[in-house]
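*Asks:* I'd like to ask some things about the structure below.
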Protein chains: 2
Amino acid sequence: MYAIKESSTNQLNKNIAINKCPVTYTLSKIGGRWKALILYHLIGGTRRYGELKKALPAITEKMLIQSLKELEMDQLVHREVKPVVPPHVSYNLTEAGNALQPILMAMAAWGIEYANTEDPSGRCMI
Amino acid sequence: MYAIKESSTNQLNKNIAINKCPVTYTLSKIGGRWKALILYHLIGGTRRYGELKKALPAITEKMLIQSLKELEMDQLVHREVKPVVPPHVSYNLTEAGNALQPILMAMAAWGIEYANTEDPSGRCMI
DNA sequence: TCGAATACATACTTTTTGGTTAGTACTTGT
DNA sequence: ACAAGTACTAACCAAAAAGTATGTATTCGA
């Protein structure tokens, strides 16, 4: 027989880990399928929403805006809207976002060295 | 109305990302709730199963061995069994695992700088 | 007046990840 | 004979993450 769950230990454990450990904290900000990738693309400089979409053909629009929104809330990217029509929205790294660059580069380097990724340039054109 | 799903785009997308992008590849190896943390603890040197368990009180045994197993399969940690009883199993980083050290350290440093984690030493005693 | 272009929003479903509970094997100490 | 210690294993389930499909607003140019 199975006992009843009263609250999410999953969520609880997550928060414990995030609050007590900087490594987990960092991972919570750049983890998931797409965030690191988006950040990596923004290292190149400001990008419009549509440019990101083109650079990441495999991502769905939902995941792209969802990720961008979370990154914005976490103050890793900055969103700028030009009030024109059709809309013109661009994204670029904040200071904290920029500070992730060494991590992202190190991850790319490690991946290039220890994996057989198809594109050894590390440009991440997914 | 909803169309029928014939195969996992989720899995597909994941594999595309992993195969084409070294950043995503790296993340796929150290992502998730516990792996980075375990690796981080192994930086200190060889640890027994029970030592890891004690160091990470919040992790369940299932997640600990599951993570260790995956890390072993990915050749990031090496598992050594002494055929005694009670069993004596220890884990340590492989060369590839060791090469992750700069990334882990950089993640810890970023977390310490940009978060208010409870333990600013970065020791990750969860 | 209709379509194209841009940047989203929302409701819903599937897939994956993580947690719960209970049990195993083997030997030493009491 | 039985508990304790060590390192697991497996069946089951809940919660989170990711994907699908469809719809919105605005204005310009044809």
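Each chain in the structure tokens gets a letter, A, B and so on, in the order shown; residues start at 1 in every chain, and ligands are counted from 1 in the order they appear.
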Return the neighbours of chain D among the residues of chain B, cut-off 12 Å, counting only C-alpha atoms (C1' of nucleotides), as a VMD selection string.
*Replies:* chain B and resid 1 to 5 7 to 14 32 48 to 51 53 61 to 66 68 to 69 81 to 90
*Asks:* Could the residues in this selection be written to a file with C-alpha atoms, as a tab-separated table (two decimals), in the first residue's frame?
*Replies:*
chain	number	residue	atom	x	y	z
B	1	MET	CA	-9.03	18.50	-30.66
B	2	TYR	CA	-5.61	17.06	-30.24
B	3	ALA	CA	-3.52	15.15	-32.71
B	4	ILE	CA	-1.94	11.85	-31.85
B	5	LYS	CA	1.67	11.68	-30.83
B	7	SER	CA	7.19	9.58	-31.13
B	8	SER	CA	9.00	11.60	-28.52
B	9	THR	CA	10.00	14.98	-29.90
B	10	ASN	CA	11.24	15.67	-26.44
B	11	GLN	CA	13.83	12.92	-26.67
B	12	LEU	CA	14.57	13.89	-30.25
B	13	ASN	CA	15.16	17.54	-29.43
B	14	LYS	CA	17.33	16.57	-26.53
B	32	GLY	CA	19.94	17.48	-12.82
B	48	ARG	CA	33.04	6.01	0.06
B	49	TYR	CA	29.38	5.56	-0.71
B	50	GLY	CA	28.47	6.12	2.91
B	51	GLU	CA	30.59	9.23	3.14
B	53	LYS	CA	25.47	9.84	1.81
B	61	GLU	CA	19.69	6.55	-1.63
B	62	LYS	CA	17.96	5.92	-4.90
B	63	MET	CA	19.08	9.22	-6.37
B	64	LEU	CA	22.58	8.82	-5.00
B	65	ILE	CA	23.27	5.44	-6.56
B	66	GLN	CA	21.38	6.36	-9.71
B	68	LEU	CA	26.69	7.63	-9.31
B	69	LYS	CA	25.81	4.92	-11.81
B	81	VAL	CA	34.95	-2.26	-4.91
B	82	LYS	CA	36.92	-3.99	-2.21
B	83	PRO	CA	35.55	-7.52	-1.95
B	84	VAL	CA	35.12	-7.50	1.78
B	85	VAL	CA	32.13	-7.73	4.00
B	86	PRO	CA	30.51	-5.46	4.90
B	87	PRO	CA	31.06	-4.05	1.41
B	88	HIS	CA	33.54	-1.27	0.81
B	89	VAL	CA	32.90	0.81	-2.31
B	90	SER	CA	34.64	4.05	-3.13
*Asks:* Near region 101-105 of chain B, within 7 Å and counting only C-alpha atoms (C1' of nucleotides), which residues show up once chain neighbours fewer than 5 positions away are dropped, as a PyMOL selection string?
*Replies:* (chain A and resi 23+103+106-107) or (chain B and resi 40)
*Asks:* Mind listing as an MDAnalysis selection string which residues of chain B are within 9 Å of chain A, counting only C-alpha atoms?
*Replies:* chainID B and resid 13:14 16:28 31:34 36:37 40 58:59 96 99:100 102:126
*Asks:* Go ahead and write the selection's residues with N, CA and C atoms as a short mmCIF file (atom, residue, chain, number, x, y, z; two decimals), in the first residue's frame.
*Replies:*
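again.cif, freshly written:
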data_model
loop_
_atom_site.label_atom_id
_atom_site.label_comp_id
_atom_site.auth_asym_id
_atom_site.auth_seq_id
_atom_site.Cartn_x
_atom_site.Cartn_y
_atom_site.Cartn_z
N ASN B 13 14.59 16.21 -29.62
CA ASN B 13 15.16 17.54 -29.43
C ASN B 13 16.37 17.49 -28.52
N LYS B 14 16.24 16.71 -27.48
CA LYS B 14 17.33 16.57 -26.53
C LYS B 14 18.57 16.06 -27.26
N ILE B 16 19.25 16.08 -30.47
CA ILE B 16 19.76 17.08 -31.42
C ILE B 16 20.67 18.05 -30.69
N ALA B 17 20.14 18.58 -29.58
CA ALA B 17 20.89 19.58 -28.83
C ALA B 17 22.21 19.02 -28.33
N ILE B 18 22.17 17.80 -27.81
CA ILE B 18 23.37 17.19 -27.25
C ILE B 18 24.40 16.92 -28.34
N ASN B 19 23.93 16.45 -29.48
CA ASN B 19 24.87 16.08 -30.54
C ASN B 19 25.45 17.28 -31.27
N LYS B 20 24.73 18.36 -31.27
CA LYS B 20 25.19 19.50 -32.05
C LYS B 20 25.88 20.55 -31.21
N CYS B 21 25.74 20.48 -29.93
CA CYS B 21 26.23 21.59 -29.11
C CYS B 21 26.99 21.10 -27.89
N PRO B 22 28.25 21.46 -27.81
CA PRO B 22 29.07 21.01 -26.68
C PRO B 22 28.60 21.56 -25.34
N VAL B 23 28.02 22.75 -25.32
CA VAL B 23 27.52 23.29 -24.05
C VAL B 23 26.40 22.41 -23.53
N THR B 24 25.46 22.08 -24.41
CA THR B 24 24.36 21.22 -24.02
C THR B 24 24.85 19.83 -23.66
N TYR B 25 25.83 19.35 -24.40
CA TYR B 25 26.41 18.05 -24.09
C TYR B 25 26.92 18.04 -22.65
N THR B 26 27.71 19.04 -22.32
CA THR B 26 28.27 19.12 -20.97
C THR B 26 27.17 19.18 -19.93
N LEU B 27 26.18 20.02 -20.19
CA LEU B 27 25.06 20.15 -19.26
C LEU B 27 24.34 18.82 -19.09
N SER B 28 24.26 18.04 -20.15
CA SER B 28 23.56 16.77 -20.05
C SER B 28 24.30 15.80 -19.13
N GLY B 31 24.04 18.01 -15.39
CA GLY B 31 22.77 18.63 -15.02
C GLY B 31 21.97 17.76 -14.07
N GLY B 32 20.78 18.19 -13.77
CA GLY B 32 19.94 17.48 -12.82
C GLY B 32 20.20 17.99 -11.41
N ARG B 33 19.46 17.44 -10.48
CA ARG B 33 19.51 17.98 -9.12
C ARG B 33 20.81 17.68 -8.39
N TRP B 34 21.44 16.53 -8.66
CA TRP B 34 22.49 16.08 -7.75
C TRP B 34 23.88 15.88 -8.33
N ALA B 36 26.13 17.54 -10.22
CA ALA B 36 27.19 18.53 -10.05
C ALA B 36 27.66 18.53 -8.60
N LEU B 37 26.67 18.36 -7.72
CA LEU B 37 26.96 18.36 -6.30
C LEU B 37 27.86 17.19 -5.91
N TYR B 40 31.25 17.75 -7.22
CA TYR B 40 31.89 18.79 -6.41
C TYR B 40 32.48 18.18 -5.14
N ALA B 58 20.25 15.32 2.24
CA ALA B 58 18.95 15.50 1.58
C ALA B 58 18.73 14.52 0.43
N ILE B 59 19.78 13.95 -0.08
CA ILE B 59 19.62 13.06 -1.22
C ILE B 59 19.08 11.71 -0.74
N ALA B 96 38.39 12.79 -17.07
CA ALA B 96 37.34 13.66 -17.62
C ALA B 96 36.59 14.35 -16.48
N ALA B 99 38.55 17.11 -15.15
CA ALA B 99 38.59 18.26 -16.07
C ALA B 99 37.37 19.15 -15.89
N LEU B 100 36.37 18.66 -15.17
CA LEU B 100 35.18 19.47 -14.91
C LEU B 100 35.40 20.45 -13.76
N PRO B 102 37.31 23.04 -13.10
CA PRO B 102 37.23 24.49 -13.32
C PRO B 102 35.78 24.96 -13.50
N ILE B 103 34.97 24.16 -14.18
CA ILE B 103 33.58 24.53 -14.40
C ILE B 103 32.84 24.57 -13.08
N LEU B 104 33.01 23.51 -12.29
CA LEU B 104 32.35 23.44 -10.99
C LEU B 104 32.79 24.60 -10.10
N MET B 105 34.07 24.87 -10.09
CA MET B 105 34.57 25.97 -9.26
C MET B 105 34.01 27.30 -9.74
N ALA B 106 33.96 27.47 -11.06
CA ALA B 106 33.43 28.72 -11.61
C ALA B 106 31.95 28.87 -11.27
N MET B 107 31.23 27.75 -11.30
CA MET B 107 29.81 27.80 -10.95
C MET B 107 29.65 28.17 -9.49
N ALA B 108 30.48 27.58 -8.64
CA ALA B 108 30.42 27.91 -7.22
C ALA B 108 30.72 29.39 -7.01
N ALA B 109 31.74 29.88 -7.69
CA ALA B 109 32.14 31.29 -7.54
C ALA B 109 31.01 32.22 -7.98
N TRP B 110 30.41 31.89 -9.11
CA TRP B 110 29.31 32.73 -9.61
C TRP B 110 28.14 32.71 -8.62
N GLY B 111 27.81 31.52 -8.13
CA GLY B 111 26.72 31.39 -7.18
C GLY B 111 26.98 32.20 -5.92
N ILE B 112 28.22 32.15 -5.44
CA ILE B 112 28.56 32.90 -4.23
C ILE B 112 28.42 34.40 -4.48
N GLU B 113 28.82 34.82 -5.67
CA GLU B 113 28.77 36.25 -5.96
C GLU B 113 27.35 36.76 -6.19
N TYR B 114 26.55 35.99 -6.91
CA TYR B 114 25.27 36.53 -7.34
C TYR B 114 24.05 36.01 -6.59
N ALA B 115 24.25 35.14 -5.62
CA ALA B 115 23.10 34.65 -4.86
C ALA B 115 23.33 34.94 -3.39
N ASN B 116 22.28 34.73 -2.61
CA ASN B 116 22.46 34.78 -1.17
C ASN B 116 22.31 33.37 -0.63
N THR B 117 23.21 32.51 -0.99
CA THR B 117 23.15 31.17 -0.44
C THR B 117 23.54 31.24 1.03
N GLU B 118 23.02 30.28 1.78
CA GLU B 118 23.22 30.33 3.22
C GLU B 118 24.68 30.12 3.62
N ASP B 119 25.35 29.29 2.84
CA ASP B 119 26.74 29.00 3.17
C ASP B 119 27.67 29.62 2.12
N PRO B 120 28.22 30.76 2.45
CA PRO B 120 29.04 31.46 1.47
C PRO B 120 30.42 30.83 1.24
N SER B 121 30.68 29.75 1.97
CA SER B 121 31.99 29.11 1.76
C SER B 121 31.99 28.29 0.48
N GLY B 122 30.79 27.94 0.00
CA GLY B 122 30.71 27.14 -1.22
C GLY B 122 31.00 25.68 -0.98
N ARG B 123 30.90 25.25 0.26
CA ARG B 123 31.21 23.86 0.56
C ARG B 123 30.09 22.89 0.19
N CYS B 124 28.92 23.45 -0.05
CA CYS B 124 27.80 22.61 -0.49
C CYS B 124 27.47 21.49 0.47
N MET B 125 27.36 21.81 1.74
CA MET B 125 26.98 20.77 2.70
C MET B 125 25.47 20.67 2.76
N ILE B 126 24.89 20.02 1.82
CA ILE B 126 23.44 19.88 1.83
C ILE B 126 23.03 18.70 2.69
#
*Asks:* What is the CA of Glu80 (chain A)-C1' of DT6 (chain C) distance in Å, reported with one decimal?
*Replies:*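 Interatomic distance, CA of Glu80 (chain A) to C1' of DT6 (chain C): 14.3 Å.
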*Asks:* In chain B, what's strand (DSSP E or B) per DSSP? Answer as a list in words?
*Replies:*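 DSSP on the backbone gives strand (DSSP E or B) at Arg47, Arg48, Val77, His78, Arg79, Glu80, Val81, Lys82, His88, Val89, Ser90, Tyr91, Asn92 and Leu93 of chain B.
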*Asks:* Using only C-alpha atoms (C1' of nucleotides), find each residue in chain C having at least one atom no more than 9 Å away from chain B; report its shortest atom-to-atom pair and that distance in Å (one decimal), rows by chain then rising number, as a Markdown table.
*Replies:*
| residue | atom | partner | partner_atom | distance |
| --- | --- | --- | --- | --- |
| C:DC12 | C1' | B:Tyr2 | CA | 8.7 |
| C:DT13 | C1' | B:Tyr2 | CA | 8.6 |
| C:DT14 | C1' | B:Lys5 | CA | 8.3 |
| C:DT15 | C1' | B:Asn10 | CA | 6.9 |
| C:DT16 | C1' | B:Asn10 | CA | 9.0 |
| C:DT17 | C1' | B:Gly32 | CA | 8.1 |
| C:DG18 | C1' | B:Met63 | CA | 7.6 |
| C:DG19 | C1' | B:Thr60 | CA | 7.7 |
| C:DC26 | C1' | B:Val85 | CA | 6.4 |
| C:DT27 | C1' | B:Val85 | CA | 5.9 |
| C:DT28 | C1' | B:Pro86 | CA | 8.8 |
*Asks:* How far is it from CA of Arg79 (chain B) to CA of Asn92 (chain B), in Å with one decimal?
*Replies:* 6.8 Å
*Asks:* If you run DSSP on the backbone, which residues of chain A are helix (DSSP H, G or I), as a ChimeraX atom specification?
*Replies:* /A:9-20,22-30,35-42,49-55,61-73,95-98,101-114
*Asks:* Kindly save the residues from that selection, with C-alpha atoms included, as a tab-separated table (two decimals), in the first residue's frame.
*Replies:*
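Generated output (part.tsv):
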chain	number	residue	atom	x	y	z
A	9	THR	CA	9.47	16.98	-1.16
A	10	ASN	CA	10.78	17.50	-4.62
A	11	GLN	CA	10.26	21.24	-4.42
A	12	LEU	CA	11.53	21.21	-0.86
A	13	ASN	CA	14.71	19.36	-1.71
A	14	LYS	CA	15.26	21.65	-4.64
A	15	ASN	CA	15.03	24.71	-2.45
A	16	ILE	CA	17.29	23.25	0.20
A	17	ALA	CA	19.89	22.52	-2.45
A	18	ILE	CA	19.57	25.93	-4.07
A	19	ASN	CA	19.76	27.80	-0.80
A	20	LYS	CA	22.65	25.88	0.64
A	22	PRO	CA	26.12	27.90	-4.83
A	23	VAL	CA	26.83	25.25	-7.46
A	24	THR	CA	23.22	24.09	-7.38
A	25	TYR	CA	22.08	27.68	-7.32
A	26	THR	CA	23.99	28.43	-10.49
A	27	LEU	CA	22.71	25.28	-12.12
A	28	SER	CA	19.16	26.27	-11.26
A	29	LYS	CA	19.62	29.44	-13.28
A	30	ILE	CA	21.25	28.02	-16.38
A	35	LYS	CA	18.88	28.38	-21.14
A	36	ALA	CA	22.61	27.83	-21.38
A	37	LEU	CA	22.26	27.70	-25.12
A	38	ILE	CA	20.40	31.00	-25.27
A	39	LEU	CA	22.92	32.64	-23.01
A	40	TYR	CA	25.71	31.26	-25.14
A	41	HIS	CA	24.19	32.88	-28.19
A	42	LEU	CA	23.83	36.18	-26.41
A	49	TYR	CA	13.77	37.61	-30.62
A	50	GLY	CA	13.54	36.53	-34.23
A	51	GLU	CA	17.30	36.18	-34.53
A	52	LEU	CA	17.39	33.82	-31.59
A	53	LYS	CA	14.54	31.85	-33.09
A	54	LYS	CA	16.47	31.49	-36.31
A	55	ALA	CA	19.68	30.55	-34.52
A	61	GLU	CA	8.41	29.53	-29.50
A	62	LYS	CA	6.87	28.61	-26.20
A	63	MET	CA	10.17	27.40	-24.77
A	64	LEU	CA	12.05	30.34	-26.22
A	65	ILE	CA	9.90	33.03	-24.65
A	66	GLN	CA	9.48	31.02	-21.46
A	67	SER	CA	13.25	30.70	-21.12
A	68	LEU	CA	13.84	34.33	-21.99
A	69	LYS	CA	11.25	35.41	-19.46
A	70	GLU	CA	12.83	33.38	-16.71
A	71	LEU	CA	16.29	34.63	-17.63
A	72	GLU	CA	14.94	38.17	-17.51
A	73	MET	CA	13.35	37.60	-14.11
A	95	GLU	CA	26.30	42.09	-15.85
A	96	ALA	CA	25.43	38.88	-14.02
A	97	GLY	CA	24.72	37.22	-17.34
A	98	ASN	CA	28.05	38.31	-18.68
A	101	GLN	CA	30.62	33.68	-19.86
A	102	PRO	CA	33.66	31.86	-18.42
A	103	ILE	CA	31.41	29.04	-17.26
A	104	LEU	CA	29.71	28.74	-20.62
A	105	MET	CA	33.03	28.83	-22.44
A	106	ALA	CA	34.50	26.23	-20.11
A	107	MET	CA	31.49	24.02	-20.67
A	108	ALA	CA	31.86	24.37	-24.41
A	109	ALA	CA	35.55	23.54	-24.18
A	110	TRP	CA	34.94	20.48	-22.07
A	111	GLY	CA	32.22	19.30	-24.40
A	112	ILE	CA	34.47	19.73	-27.40
A	113	GLU	CA	37.24	17.80	-25.72
A	114	TYR	CA	35.27	14.92	-24.26
*Asks:* Do you have the C1' of DT24 (chain C)-CA of Pro57 (chain B) distance handy?
*Replies:*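 Answer for the C1' of DT24 (chain C) to CA of Pro57 (chain B) separation: 23.1 Å.
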